[in-house]
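Peer 1: mmCIF, C-alpha atoms and all ligand atoms; chains and numbers go by the auth columns, saved as protein-v9.cif, coming up:
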data_run
loop_
_atom_site.group_PDB
_atom_site.id
_atom_site.type_symbol
_atom_site.label_atom_id
_atom_site.label_comp_id
_atom_site.label_asym_id
_atom_site.label_seq_id
_atom_site.Cartn_x
_atom_site.Cartn_y
_atom_site.Cartn_z
_atom_site.B_iso_or_equiv
_atom_site.auth_seq_id
_atom_site.auth_asym_id
ATOM 1 C CA MET A 1 174.726 -234.735 -60.711 0.00 28 A
ATOM 2 C CA THR A 2 171.141 -234.946 -61.888 0.00 29 A
ATOM 3 C CA ASP A 3 170.334 -232.346 -64.525 0.00 30 A
ATOM 4 C CA TYR A 4 167.085 -230.849 -63.181 0.00 31 A
ATOM 5 C CA VAL A 5 165.053 -228.497 -65.381 0.00 32 A
ATOM 6 C CA PHE A 6 165.138 -226.030 -62.460 0.00 33 A
ATOM 7 C CA PRO A 7 166.871 -226.199 -59.075 0.00 34 A
ATOM 8 C CA PRO A 8 164.885 -228.325 -56.579 0.00 35 A
ATOM 9 C CA ALA A 9 163.691 -226.546 -53.426 0.00 36 A
ATOM 10 C CA ALA A 10 165.770 -227.022 -50.272 0.00 37 A
ATOM 11 C CA PRO A 11 164.088 -229.467 -47.858 0.00 38 A
ATOM 12 C CA ALA A 12 161.753 -228.026 -45.232 0.00 39 A
ATOM 13 C CA SER A 13 163.417 -228.266 -41.817 0.00 40 A
ATOM 14 C CA VAL A 14 162.884 -227.761 -38.092 0.00 41 A
ATOM 15 C CA ALA A 15 165.274 -226.439 -35.414 0.00 42 A
ATOM 16 C CA VAL A 16 166.900 -228.902 -33.018 0.00 43 A
ATOM 17 C CA ALA A 17 167.226 -227.665 -29.433 0.00 44 A
ATOM 18 C CA GLY A 18 170.769 -227.084 -28.237 0.00 45 A
ATOM 19 C CA THR A 19 172.423 -227.167 -31.673 0.00 46 A
ATOM 20 C CA ALA A 20 172.642 -225.152 -34.900 0.00 47 A
ATOM 21 C CA GLN A 21 171.817 -228.332 -36.868 0.00 48 A
ATOM 22 C CA ARG A 22 168.384 -228.661 -38.507 0.00 49 A
ATOM 23 C CA PHE A 23 166.022 -231.653 -38.805 0.00 50 A
ATOM 24 C CA PRO A 24 165.145 -232.159 -42.507 0.00 51 A
ATOM 25 C CA VAL A 25 161.442 -232.965 -42.930 0.00 52 A
ATOM 26 C CA HIS A 26 160.482 -235.944 -45.088 0.00 53 A
ATOM 27 C CA ARG A 27 156.716 -236.228 -44.476 0.00 54 A
ATOM 28 C CA ILE A 28 154.210 -234.899 -41.946 0.00 55 A
ATOM 29 C CA TYR A 29 151.730 -237.463 -40.630 0.00 56 A
ATOM 30 C CA CYS A 30 148.937 -236.503 -38.241 0.00 57 A
ATOM 31 C CA ILE A 31 146.595 -238.479 -36.042 0.00 58 A
ATOM 32 C CA GLY A 32 143.142 -237.150 -35.263 0.00 59 A
ATOM 33 C CA LEU A 33 140.801 -238.013 -32.394 0.00 60 A
ATOM 34 C CA ASN A 34 143.460 -239.204 -29.944 0.00 61 A
ATOM 35 C CA TYR A 35 142.181 -237.571 -26.707 0.00 62 A
ATOM 36 C CA ILE A 36 138.820 -238.675 -25.232 0.00 63 A
ATOM 37 C CA ASP A 37 137.790 -235.116 -24.233 0.00 64 A
ATOM 38 C CA HIS A 38 138.460 -233.812 -27.764 0.00 65 A
ATOM 39 C CA ILE A 39 136.489 -236.719 -29.333 0.00 66 A
ATOM 40 C CA ARG A 40 133.545 -235.689 -27.127 0.00 67 A
ATOM 41 C CA GLU A 41 133.814 -231.984 -28.015 0.00 68 A
ATOM 42 C CA MET A 42 133.716 -232.926 -31.719 0.00 69 A
ATOM 43 C CA GLY A 43 130.318 -234.533 -31.005 0.00 70 A
ATOM 44 C CA LEU A 44 131.568 -238.109 -31.362 0.00 71 A
ATOM 45 C CA ASP A 45 131.339 -241.173 -29.120 0.00 72 A
ATOM 46 C CA PRO A 46 134.781 -242.222 -27.776 0.00 73 A
ATOM 47 C CA GLU A 47 133.612 -245.854 -27.700 0.00 74 A
ATOM 48 C CA ALA A 48 132.594 -245.764 -31.350 0.00 75 A
ATOM 49 C CA VAL A 49 135.476 -243.930 -33.045 0.00 76 A
ATOM 50 C CA GLN A 50 139.025 -244.960 -33.847 0.00 77 A
ATOM 51 C CA PRO A 51 141.883 -242.482 -34.229 0.00 78 A
ATOM 52 C CA VAL A 52 142.303 -241.398 -37.880 0.00 79 A
ATOM 53 C CA PHE A 53 145.425 -240.566 -39.904 0.00 80 A
ATOM 54 C CA PHE A 54 145.926 -237.756 -42.418 0.00 81 A
ATOM 55 C CA MET A 55 148.898 -235.835 -43.840 0.00 82 A
ATOM 56 C CA LYS A 56 150.249 -232.359 -44.407 0.00 83 A
ATOM 57 C CA PRO A 57 152.899 -231.494 -47.010 0.00 84 A
ATOM 58 C CA ALA A 58 156.469 -231.277 -45.620 0.00 85 A
ATOM 59 C CA ASP A 59 156.736 -227.608 -46.565 0.00 86 A
ATOM 60 C CA ALA A 60 153.704 -226.736 -44.418 0.00 87 A
ATOM 61 C CA VAL A 61 156.114 -226.413 -41.453 0.00 88 A
ATOM 62 C CA VAL A 62 156.376 -222.954 -39.886 0.00 89 A
ATOM 63 C CA ALA A 63 159.209 -221.838 -37.605 0.00 90 A
ATOM 64 C CA ASN A 64 158.696 -220.973 -33.971 0.00 91 A
ATOM 65 C CA GLY A 65 158.142 -217.222 -33.676 0.00 92 A
ATOM 66 C CA ALA A 66 156.856 -216.706 -37.213 0.00 93 A
ATOM 67 C CA ALA A 67 153.743 -214.717 -38.131 0.00 94 A
ATOM 68 C CA ILE A 68 151.189 -216.828 -40.027 0.00 95 A
ATOM 69 C CA ALA A 69 148.841 -215.167 -42.488 0.00 96 A
ATOM 70 C CA TYR A 70 145.158 -215.977 -41.868 0.00 97 A
ATOM 71 C CA PRO A 71 144.490 -218.520 -44.651 0.00 98 A
ATOM 72 C CA LEU A 72 142.129 -217.858 -47.532 0.00 99 A
ATOM 73 C CA SER A 73 138.901 -219.842 -48.018 0.00 100 A
ATOM 74 C CA THR A 74 137.957 -220.194 -44.343 0.00 101 A
ATOM 75 C CA ALA A 75 135.885 -218.335 -41.772 0.00 102 A
ATOM 76 C CA ASN A 76 136.675 -220.798 -38.960 0.00 103 A
ATOM 77 C CA PHE A 77 140.457 -221.167 -38.608 0.00 104 A
ATOM 78 C CA HIS A 78 141.379 -223.302 -35.558 0.00 105 A
ATOM 79 C CA TYR A 79 144.432 -224.023 -33.388 0.00 106 A
ATOM 80 C CA GLU A 80 145.229 -227.547 -32.096 0.00 107 A
ATOM 81 C CA ILE A 81 148.248 -227.881 -29.785 0.00 108 A
ATOM 82 C CA GLU A 82 149.921 -231.290 -30.207 0.00 109 A
ATOM 83 C CA LEU A 83 152.957 -233.348 -29.235 0.00 110 A
ATOM 84 C CA VAL A 84 155.066 -233.871 -32.378 0.00 111 A
ATOM 85 C CA VAL A 85 157.300 -236.939 -32.733 0.00 112 A
ATOM 86 C CA ALA A 86 160.344 -236.574 -35.025 0.00 113 A
ATOM 87 C CA MET A 87 161.599 -239.842 -36.520 0.00 114 A
ATOM 88 C CA ALA A 88 165.264 -240.857 -36.924 0.00 115 A
ATOM 89 C CA GLY A 89 164.252 -243.908 -38.968 0.00 116 A
ATOM 90 C CA GLY A 90 161.424 -246.361 -38.941 0.00 117 A
ATOM 91 C CA GLY A 91 160.345 -249.040 -41.355 0.00 118 A
ATOM 92 C CA ARG A 92 157.191 -251.068 -41.844 0.00 119 A
ATOM 93 C CA ASP A 93 154.983 -252.997 -39.454 0.00 120 A
ATOM 94 C CA LEU A 94 156.811 -251.995 -36.262 0.00 121 A
ATOM 95 C CA ALA A 95 155.814 -253.538 -32.929 0.00 122 A
ATOM 96 C CA PRO A 96 154.961 -251.001 -30.208 0.00 123 A
ATOM 97 C CA LYS A 97 157.859 -252.294 -28.086 0.00 124 A
ATOM 98 C CA ASP A 98 160.334 -251.481 -30.886 0.00 125 A
ATOM 99 C CA ALA A 99 158.812 -248.155 -31.979 0.00 126 A
ATOM 100 C CA LEU A 100 160.499 -245.713 -29.590 0.00 127 A
ATOM 101 C CA ALA A 101 163.983 -246.805 -30.715 0.00 128 A
ATOM 102 C CA HIS A 102 163.272 -244.985 -34.016 0.00 129 A
ATOM 103 C CA VAL A 103 162.374 -241.638 -32.430 0.00 130 A
ATOM 104 C CA PHE A 104 164.808 -238.749 -32.974 0.00 131 A
ATOM 105 C CA GLY A 105 163.042 -236.365 -30.613 0.00 132 A
ATOM 106 C CA TYR A 106 159.953 -234.424 -29.566 0.00 133 A
ATOM 107 C CA ALA A 107 158.532 -230.941 -30.122 0.00 134 A
ATOM 108 C CA ALA A 108 155.409 -228.890 -29.569 0.00 135 A
ATOM 109 C CA GLY A 109 153.365 -228.335 -32.741 0.00 136 A
ATOM 110 C CA ASN A 110 150.117 -226.769 -33.845 0.00 137 A
ATOM 111 C CA ASP A 111 147.830 -228.641 -36.263 0.00 138 A
ATOM 112 C CA LEU A 112 146.216 -225.546 -37.809 0.00 139 A
ATOM 113 C CA THR A 113 142.831 -226.423 -39.298 0.00 140 A
ATOM 114 C CA ARG A 114 140.201 -224.839 -41.546 0.00 141 A
ATOM 115 C CA ARG A 115 137.391 -226.275 -39.382 0.00 142 A
ATOM 116 C CA ASP A 116 134.599 -225.192 -41.739 0.00 143 A
ATOM 117 C CA LEU A 117 136.192 -227.049 -44.656 0.00 144 A
ATOM 118 C CA GLN A 118 136.795 -230.103 -42.439 0.00 145 A
ATOM 119 C CA GLN A 119 133.144 -230.112 -41.338 0.00 146 A
ATOM 120 C CA ALA A 120 131.948 -229.865 -44.947 0.00 147 A
ATOM 121 C CA ALA A 121 134.302 -232.684 -45.985 0.00 148 A
ATOM 122 C CA LYS A 122 133.032 -234.929 -43.178 0.00 149 A
ATOM 123 C CA GLU A 123 129.406 -234.287 -44.159 0.00 150 A
ATOM 124 C CA ARG A 124 130.090 -235.051 -47.825 0.00 151 A
ATOM 125 C CA GLY A 125 132.447 -237.987 -47.223 0.00 152 A
ATOM 126 C CA GLN A 126 135.271 -236.065 -48.911 0.00 153 A
ATOM 127 C CA PRO A 127 139.003 -235.997 -48.040 0.00 154 A
ATOM 128 C CA TRP A 128 140.422 -233.559 -45.462 0.00 155 A
ATOM 129 C CA ASP A 129 143.336 -232.225 -47.532 0.00 156 A
ATOM 130 C CA THR A 130 142.144 -228.642 -47.957 0.00 157 A
ATOM 131 C CA ALA A 131 141.084 -228.525 -44.289 0.00 158 A
ATOM 132 C CA LYS A 132 144.374 -229.817 -42.887 0.00 159 A
ATOM 133 C CA GLY A 133 147.168 -229.896 -45.474 0.00 160 A
ATOM 134 C CA PHE A 134 147.382 -226.259 -46.536 0.00 161 A
ATOM 135 C CA ASP A 135 150.344 -223.849 -46.666 0.00 162 A
ATOM 136 C CA ASN A 136 151.792 -222.854 -43.264 0.00 163 A
ATOM 137 C CA SER A 137 149.485 -225.240 -41.392 0.00 164 A
ATOM 138 C CA ALA A 138 152.204 -226.872 -39.266 0.00 165 A
ATOM 139 C CA PRO A 139 154.104 -224.641 -36.818 0.00 166 A
ATOM 140 C CA VAL A 140 156.668 -226.735 -34.906 0.00 167 A
ATOM 141 C CA GLY A 141 159.008 -225.693 -32.073 0.00 168 A
ATOM 142 C CA ALA A 142 162.593 -226.874 -31.660 0.00 169 A
ATOM 143 C CA ILE A 143 162.947 -230.655 -31.399 0.00 170 A
ATOM 144 C CA ARG A 144 164.366 -231.972 -28.114 0.00 171 A
ATOM 145 C CA PRO A 145 166.436 -235.111 -28.812 0.00 172 A
ATOM 146 C CA ALA A 146 165.046 -238.360 -27.362 0.00 173 A
ATOM 147 C CA ALA A 147 168.419 -238.864 -25.633 0.00 174 A
ATOM 148 C CA GLN A 148 167.007 -236.393 -23.071 0.00 175 A
ATOM 149 C CA GLY A 149 164.016 -238.647 -22.507 0.00 176 A
ATOM 150 C CA HIS A 150 160.865 -239.917 -24.210 0.00 177 A
ATOM 151 C CA VAL A 151 157.548 -238.162 -23.643 0.00 178 A
ATOM 152 C CA SER A 152 154.743 -240.244 -22.113 0.00 179 A
ATOM 153 C CA ARG A 153 153.270 -237.719 -19.670 0.00 180 A
ATOM 154 C CA GLY A 154 153.411 -234.027 -18.869 0.00 181 A
ATOM 155 C CA ARG A 155 151.245 -230.956 -19.225 0.00 182 A
ATOM 156 C CA ILE A 156 150.106 -229.850 -22.724 0.00 183 A
ATOM 157 C CA TRP A 157 148.543 -226.386 -22.972 0.00 184 A
ATOM 158 C CA LEU A 158 147.722 -223.524 -25.307 0.00 185 A
ATOM 159 C CA GLU A 159 146.935 -219.850 -24.710 0.00 186 A
ATOM 160 C CA VAL A 160 145.474 -217.303 -27.129 0.00 187 A
ATOM 161 C CA ASN A 161 146.301 -213.683 -26.190 0.00 188 A
ATOM 162 C CA GLY A 162 147.293 -214.895 -22.727 0.00 189 A
ATOM 163 C CA GLU A 163 144.028 -216.791 -22.109 0.00 190 A
ATOM 164 C CA ARG A 164 144.213 -220.527 -21.420 0.00 191 A
ATOM 165 C CA ARG A 165 142.220 -222.448 -24.066 0.00 192 A
ATOM 166 C CA GLN A 166 143.618 -225.985 -23.980 0.00 193 A
ATOM 167 C CA GLU A 167 145.069 -227.903 -21.050 0.00 194 A
ATOM 168 C CA SER A 168 145.545 -231.623 -20.602 0.00 195 A
ATOM 169 C CA ASP A 169 148.246 -234.199 -20.044 0.00 196 A
ATOM 170 C CA ILE A 170 150.123 -236.290 -22.618 0.00 197 A
ATOM 171 C CA SER A 171 149.158 -239.378 -20.566 0.00 198 A
ATOM 172 C CA GLN A 172 145.529 -238.818 -21.692 0.00 199 A
ATOM 173 C CA MET A 173 146.283 -239.889 -25.280 0.00 200 A
ATOM 174 C CA VAL A 174 144.126 -242.830 -26.501 0.00 201 A
ATOM 175 C CA TRP A 175 147.132 -244.266 -28.388 0.00 202 A
ATOM 176 C CA ASP A 176 150.495 -243.406 -26.806 0.00 203 A
ATOM 177 C CA VAL A 177 153.529 -242.523 -28.947 0.00 204 A
ATOM 178 C CA ALA A 178 154.662 -246.143 -29.377 0.00 205 A
ATOM 179 C CA HIS A 179 151.194 -247.262 -30.521 0.00 206 A
ATOM 180 C CA VAL A 180 150.805 -244.268 -32.862 0.00 207 A
ATOM 181 C CA ILE A 181 154.116 -245.167 -34.553 0.00 208 A
ATOM 182 C CA ALA A 182 153.252 -248.875 -34.722 0.00 209 A
ATOM 183 C CA SER A 183 149.801 -248.194 -36.232 0.00 210 A
ATOM 184 C CA LEU A 184 151.157 -245.688 -38.762 0.00 211 A
ATOM 185 C CA SER A 185 153.898 -248.134 -39.828 0.00 212 A
ATOM 186 C CA LYS A 186 151.186 -250.564 -40.990 0.00 213 A
ATOM 187 C CA LEU A 187 149.997 -247.935 -43.481 0.00 214 A
ATOM 188 C CA TYR A 188 153.277 -246.278 -44.548 0.00 215 A
ATOM 189 C CA GLU A 189 156.990 -247.088 -44.436 0.00 216 A
ATOM 190 C CA LEU A 190 158.283 -244.620 -41.838 0.00 217 A
ATOM 191 C CA LYS A 191 161.555 -242.892 -42.631 0.00 218 A
ATOM 192 C CA ALA A 192 164.102 -240.541 -41.118 0.00 219 A
ATOM 193 C CA GLY A 193 162.719 -237.013 -41.297 0.00 220 A
ATOM 194 C CA ASP A 194 159.078 -237.951 -40.717 0.00 221 A
ATOM 195 C CA LEU A 195 157.127 -235.802 -38.264 0.00 222 A
ATOM 196 C CA ILE A 196 154.060 -237.240 -36.526 0.00 223 A
ATOM 197 C CA PHE A 197 151.458 -234.932 -34.941 0.00 224 A
ATOM 198 C CA THR A 198 149.838 -237.023 -32.210 0.00 225 A
ATOM 199 C CA GLY A 199 146.458 -235.338 -31.714 0.00 226 A
ATOM 200 C CA THR A 200 145.024 -232.495 -29.653 0.00 227 A
ATOM 201 C CA PRO A 201 143.120 -232.345 -26.354 0.00 228 A
ATOM 202 C CA SER A 202 139.806 -230.486 -25.950 0.00 229 A
ATOM 203 C CA GLY A 203 139.402 -226.713 -26.128 0.00 230 A
ATOM 204 C CA VAL A 204 139.984 -226.161 -29.848 0.00 231 A
ATOM 205 C CA GLY A 205 138.666 -222.858 -31.143 0.00 232 A
ATOM 206 C CA ALA A 206 138.802 -220.103 -33.733 0.00 233 A
ATOM 207 C CA LEU A 207 141.607 -217.612 -34.420 0.00 234 A
ATOM 208 C CA LYS A 208 141.524 -214.144 -35.954 0.00 235 A
ATOM 209 C CA PRO A 209 144.178 -211.787 -37.359 0.00 236 A
ATOM 210 C CA GLY A 210 146.175 -210.191 -34.540 0.00 237 A
ATOM 211 C CA ASP A 211 145.900 -213.211 -32.219 0.00 238 A
ATOM 212 C CA ARG A 212 148.983 -214.269 -30.270 0.00 239 A
ATOM 213 C CA LEU A 213 149.393 -218.041 -29.787 0.00 240 A
ATOM 214 C CA GLU A 214 151.532 -219.591 -27.081 0.00 241 A
ATOM 215 C CA GLY A 215 151.528 -223.300 -26.463 0.00 242 A
ATOM 216 C CA GLY A 216 153.694 -225.982 -25.066 0.00 243 A
ATOM 217 C CA ILE A 217 154.420 -229.326 -23.580 0.00 244 A
ATOM 218 C CA GLU A 218 156.246 -229.776 -20.297 0.00 245 A
ATOM 219 C CA GLY A 219 160.007 -229.958 -20.923 0.00 246 A
ATOM 220 C CA LEU A 220 159.874 -228.853 -24.591 0.00 247 A
ATOM 221 C CA GLU A 221 160.419 -225.434 -26.200 0.00 248 A
ATOM 222 C CA VAL A 222 157.355 -223.165 -25.968 0.00 249 A
ATOM 223 C CA LEU A 223 155.792 -222.536 -29.399 0.00 250 A
ATOM 224 C CA ARG A 224 154.839 -218.914 -30.154 0.00 251 A
ATOM 225 C CA ASN A 225 153.208 -217.646 -33.334 0.00 252 A
ATOM 226 C CA THR A 226 151.015 -214.724 -34.290 0.00 253 A
ATOM 227 C CA ILE A 227 148.185 -214.573 -36.823 0.00 254 A
ATOM 228 C CA ALA A 228 148.620 -211.900 -39.491 0.00 255 A
ATOM 229 C CA PRO A 229 146.016 -210.525 -41.935 0.00 256 A
ATOM 230 C CA PRO A 230 145.289 -212.671 -45.007 0.00 257 A
ATOM 231 C CA ALA A 231 148.044 -212.522 -47.653 0.00 258 A
ATOM 232 C CA ARG A 232 146.498 -212.058 -51.097 0.00 259 A
ATOM 233 C CA ASP A 233 148.543 -212.113 -54.260 0.00 260 A
ATOM 234 C CA ARG A 234 148.127 -209.074 -56.482 0.00 261 A
ATOM 235 C CA ARG A 235 146.344 -209.752 -59.734 0.00 262 A
HETATM 236 MN MN MN B . 144.997 -232.462 -34.850 0.00 301 A
#
If you took the structure in this file and wrote it as structure tokens, what would it be?
Ligand code: MN

Peer 2:
Amino acid sequence: MTDYVFPPAAPASVAVAGTAQRFPVHRIYCIGLNYIDHIREMGLDPEAVQPVFFMKPADAVVANGAAIAYPLSTANFHYEIELVVAMAGGGRDLAPKDALAHVFGYAAGNDLTRRDLQQAAKERGQPWDTAKGFDNSAPVGAIRPAAQGHVSRGRIWLEVNGERRQESDISQMVWDVAHVIASLSKLYELKAGDLIFTGTPSGVGALKPGDRLEGGIEGLEVLRNTIAPPARDRR
């Protein structure tokens, strides 16, 4: 037994549909700019941009059903409904044809974003960490095992307070799941427990305290979260 100076935190984890077992999270990778209509709404030229990778910390995951405090240091807090791929293994430099064999399952996720900080970072050529990788920025629904089928098409949608804000189809992704995994494996060694957010379609927008989010992907558990007032520590 390693003699730690204090007990290490339990791993962050996500529910697995149809079982009491949990999926332990190793890392959270995200791909940005992976739907043509979203690239256009961000004011970019789909012919000129490539999808981009960034990360969130593993303990940014939020359970389905949880209330999420409106984060500090933003006045433009956005939702982004996304297909999330959960990895059972991986490795380096995978070929697209071999990539899906390493998938554990699929879930609906929300890539919560401080859009104002992201915009400022883009303008200054700075990293996106504070815009994307903050506490509670990664709600994820229960993972449906890949044994029940891979996800290459199907409706993806998000509603705020019952109003439809995002609607597209998984088949509209610029890079499909296999190509996302293959590309990511050229940058990082993929491992069991990795989650990959695969990008959002158009219709992103701002949230406020009291908002009720409901989003999903055909065949996967519907993801529901609410936005609570900002949580400030007492001084
Ligand atoms: Mn995103």

Peer 1: A:Val231, A:Val167, A:Ala94, A:Val41: which is nearest Glu194 (chain A), counting all atoms listed in the file?

Peer 2: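 Smallest distance to Glu194 (chain A) is found for A:Val231.
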
Peer 1: Can you pull out the residues contacting Val52 (chain A)? Cut-off 7 Å, using only C-alpha atoms, and skip same-chain residues under 3 positions away; I want them as an NGL selection string.

Peer 2: :A and (38-40 or 85 or 220-222)

Peer 1: How about saving the chosen residues, C-alpha atoms kept, as a PDB file, keeping the file's coordinate frame?

Peer 2:
ATOM      1  CA  PRO A  38     164.088-229.467 -47.858  1.00  0.00           C
ATOM      2  CA  ALA A  39     161.753-228.026 -45.232  1.00  0.00           C
ATOM      3  CA  SER A  40     163.417-228.266 -41.817  1.00  0.00           C
ATOM      4  CA  ALA A  85     156.469-231.277 -45.620  1.00  0.00           C
ATOM      5  CA  GLY A 220     162.719-237.013 -41.297  1.00  0.00           C
ATOM      6  CA  ASP A 221     159.078-237.951 -40.717  1.00  0.00           C
ATOM      7  CA  LEU A 222     157.127-235.802 -38.264  1.00  0.00           C
TER       8      LEU A 222
END

Peer 1: Wanna dump the chain A-ligand MN 301 (chain A) contacts at 12 Å for me, each residue with its shortest atom pair and the distance in Å to one decimal, counting all atoms listed in the file, ordered by chain and number, as CSV?

Peer 2:
residue,atom,partner,partner_atom,distance
A:Ile55,CA,A:MN301,MN,11.9
A:Tyr56,CA,A:MN301,MN,10.2
A:Cys57,CA,A:MN301,MN,6.6
A:Ile58,CA,A:MN301,MN,6.3
A:Gly59,CA,A:MN301,MN,5.1
A:Leu60,CA,A:MN301,MN,7.4
A:Asn61,CA,A:MN301,MN,8.5
A:Tyr62,CA,A:MN301,MN,10.0
A:His65,CA,A:MN301,MN,9.7
A:Ile66,CA,A:MN301,MN,11.0
A:Met69,CA,A:MN301,MN,11.7
A:Pro78,CA,A:MN301,MN,10.5
A:Val79,CA,A:MN301,MN,9.8
A:Phe80,CA,A:MN301,MN,9.6
A:Phe81,CA,A:MN301,MN,9.3
A:Met82,CA,A:MN301,MN,10.4
A:Lys83,CA,A:MN301,MN,10.9
A:His105,CA,A:MN301,MN,9.9
A:Tyr106,CA,A:MN301,MN,8.6
A:Glu107,CA,A:MN301,MN,5.6
A:Ile108,CA,A:MN301,MN,7.6
A:Glu109,CA,A:MN301,MN,6.9
A:Leu110,CA,A:MN301,MN,9.8
A:Val111,CA,A:MN301,MN,10.5
A:Gly136,CA,A:MN301,MN,9.6
A:Asn137,CA,A:MN301,MN,7.7
A:Asp138,CA,A:MN301,MN,5.0
A:Leu139,CA,A:MN301,MN,7.6
A:Thr140,CA,A:MN301,MN,7.8
A:Arg141,CA,A:MN301,MN,11.2
A:Arg142,CA,A:MN301,MN,10.8
A:Gln145,CA,A:MN301,MN,11.4
A:Trp155,CA,A:MN301,MN,11.6
A:Ala158,CA,A:MN301,MN,11.0
A:Lys159,CA,A:MN301,MN,8.5
A:Gly160,CA,A:MN301,MN,11.1
A:Ser164,CA,A:MN301,MN,10.7
A:Ala165,CA,A:MN301,MN,10.1
A:Ile223,CA,A:MN301,MN,10.4
A:Phe224,CA,A:MN301,MN,6.9
A:Thr225,CA,A:MN301,MN,7.2
A:Gly226,CA,A:MN301,MN,4.5
A:Thr227,CA,A:MN301,MN,5.2
A:Pro228,CA,A:MN301,MN,8.7
A:Ser229,CA,A:MN301,MN,10.5
A:Gly230,CA,A:MN301,MN,11.9
A:Val231,CA,A:MN301,MN,9.5

Peer 1: Take the residues from that selection and put them in a file with C-alpha atoms, as a PDB file, in the coordinates of the input.

Peer 2:
ATOM      1  CA  ILE A  55     154.210-234.899 -41.946  1.00  0.00           C
ATOM      2  CA  TYR A  56     151.730-237.463 -40.630  1.00  0.00           C
ATOM      3  CA  CYS A  57     148.937-236.503 -38.241  1.00  0.00           C
ATOM      4  CA  ILE A  58     146.595-238.479 -36.042  1.00  0.00           C
ATOM      5  CA  GLY A  59     143.142-237.150 -35.263  1.00  0.00           C
ATOM      6  CA  LEU A  60     140.801-238.013 -32.394  1.00  0.00           C
ATOM      7  CA  ASN A  61     143.460-239.204 -29.944  1.00  0.00           C
ATOM      8  CA  TYR A  62     142.181-237.571 -26.707  1.00  0.00           C
ATOM      9  CA  HIS A  65     138.460-233.812 -27.764  1.00  0.00           C
ATOM     10  CA  ILE A  66     136.489-236.719 -29.333  1.00  0.00           C
ATOM     11  CA  MET A  69     133.716-232.926 -31.719  1.00  0.00           C
ATOM     12  CA  PRO A  78     141.883-242.482 -34.229  1.00  0.00           C
ATOM     13  CA  VAL A  79     142.303-241.398 -37.880  1.00  0.00           C
ATOM     14  CA  PHE A  80     145.425-240.566 -39.904  1.00  0.00           C
ATOM     15  CA  PHE A  81     145.926-237.756 -42.418  1.00  0.00           C
ATOM     16  CA  MET A  82     148.898-235.835 -43.840  1.00  0.00           C
ATOM     17  CA  LYS A  83     150.249-232.359 -44.407  1.00  0.00           C
ATOM     18  CA  HIS A 105     141.379-223.302 -35.558  1.00  0.00           C
ATOM     19  CA  TYR A 106     144.432-224.023 -33.388  1.00  0.00           C
ATOM     20  CA  GLU A 107     145.229-227.547 -32.096  1.00  0.00           C
ATOM     21  CA  ILE A 108     148.248-227.881 -29.785  1.00  0.00           C
ATOM     22  CA  GLU A 109     149.921-231.290 -30.207  1.00  0.00           C
ATOM     23  CA  LEU A 110     152.957-233.348 -29.235  1.00  0.00           C
ATOM     24  CA  VAL A 111     155.066-233.871 -32.378  1.00  0.00           C
ATOM     25  CA  GLY A 136     153.365-228.335 -32.741  1.00  0.00           C
ATOM     26  CA  ASN A 137     150.117-226.769 -33.845  1.00  0.00           C
ATOM     27  CA  ASP A 138     147.830-228.641 -36.263  1.00  0.00           C
ATOM     28  CA  LEU A 139     146.216-225.546 -37.809  1.00  0.00           C
ATOM     29  CA  THR A 140     142.831-226.423 -39.298  1.00  0.00           C
ATOM     30  CA  ARG A 141     140.201-224.839 -41.546  1.00  0.00           C
ATOM     31  CA  ARG A 142     137.391-226.275 -39.382  1.00  0.00           C
ATOM     32  CA  GLN A 145     136.795-230.103 -42.439  1.00  0.00           C
ATOM     33  CA  TRP A 155     140.422-233.559 -45.462  1.00  0.00           C
ATOM     34  CA  ALA A 158     141.084-228.525 -44.289  1.00  0.00           C
ATOM     35  CA  LYS A 159     144.374-229.817 -42.887  1.00  0.00           C
ATOM     36  CA  GLY A 160     147.168-229.896 -45.474  1.00  0.00           C
ATOM     37  CA  SER A 164     149.485-225.240 -41.392  1.00  0.00           C
ATOM     38  CA  ALA A 165     152.204-226.872 -39.266  1.00  0.00           C
ATOM     39  CA  ILE A 223     154.060-237.240 -36.526  1.00  0.00           C
ATOM     40  CA  PHE A 224     151.458-234.932 -34.941  1.00  0.00           C
ATOM     41  CA  THR A 225     149.838-237.023 -32.210  1.00  0.00           C
ATOM     42  CA  GLY A 226     146.458-235.338 -31.714  1.00  0.00           C
ATOM     43  CA  THR A 227     145.024-232.495 -29.653  1.00  0.00           C
ATOM     44  CA  PRO A 228     143.120-232.345 -26.354  1.00  0.00           C
ATOM     45  CA  SER A 229     139.806-230.486 -25.950  1.00  0.00           C
ATOM     46  CA  GLY A 230     139.402-226.713 -26.128  1.00  0.00           C
ATOM     47  CA  VAL A 231     139.984-226.161 -29.848  1.00  0.00           C
TER      48      VAL A 231
END

Peer 1: If we count only C-alpha atoms and set the cut-off at 10 Å, which residues sit around Gly246 (chain A), ignoring sequence neighbours fewer than 4 positions away in its own chain? Please answer as a PDB file with C-alpha atoms, keeping the file's coordinate frame.

Peer 2:
ATOM      1  CA  TYR A 133     159.953-234.424 -29.566  1.00  0.00           C
ATOM      2  CA  ALA A 134     158.532-230.941 -30.122  1.00  0.00           C
ATOM      3  CA  ALA A 135     155.409-228.890 -29.569  1.00  0.00           C
ATOM      4  CA  ARG A 171     164.366-231.972 -28.114  1.00  0.00           C
ATOM      5  CA  GLN A 175     167.007-236.393 -23.071  1.00  0.00           C
ATOM      6  CA  GLY A 176     164.016-238.647 -22.507  1.00  0.00           C
ATOM      7  CA  VAL A 178     157.548-238.162 -23.643  1.00  0.00           C
ATOM      8  CA  GLY A 181     153.411-234.027 -18.869  1.00  0.00           C
ATOM      9  CA  ARG A 182     151.245-230.956 -19.225  1.00  0.00           C
TER      10      ARG A 182
END

Peer 1: Mind telling me what the PyMOL selection byres (((chain A and resi 130) around 8) and not hetatm) catches here, as a list in words?

Peer 2: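 For this structure, the PyMOL selection byres (((chain A and resi 130) around 8) and not hetatm) resolves to Val112, Ala113, Met114, Ala115, Gly116, Ala126, Leu127, Ala128, His129, Phe131, Gly132 and Ala173 of chain A.
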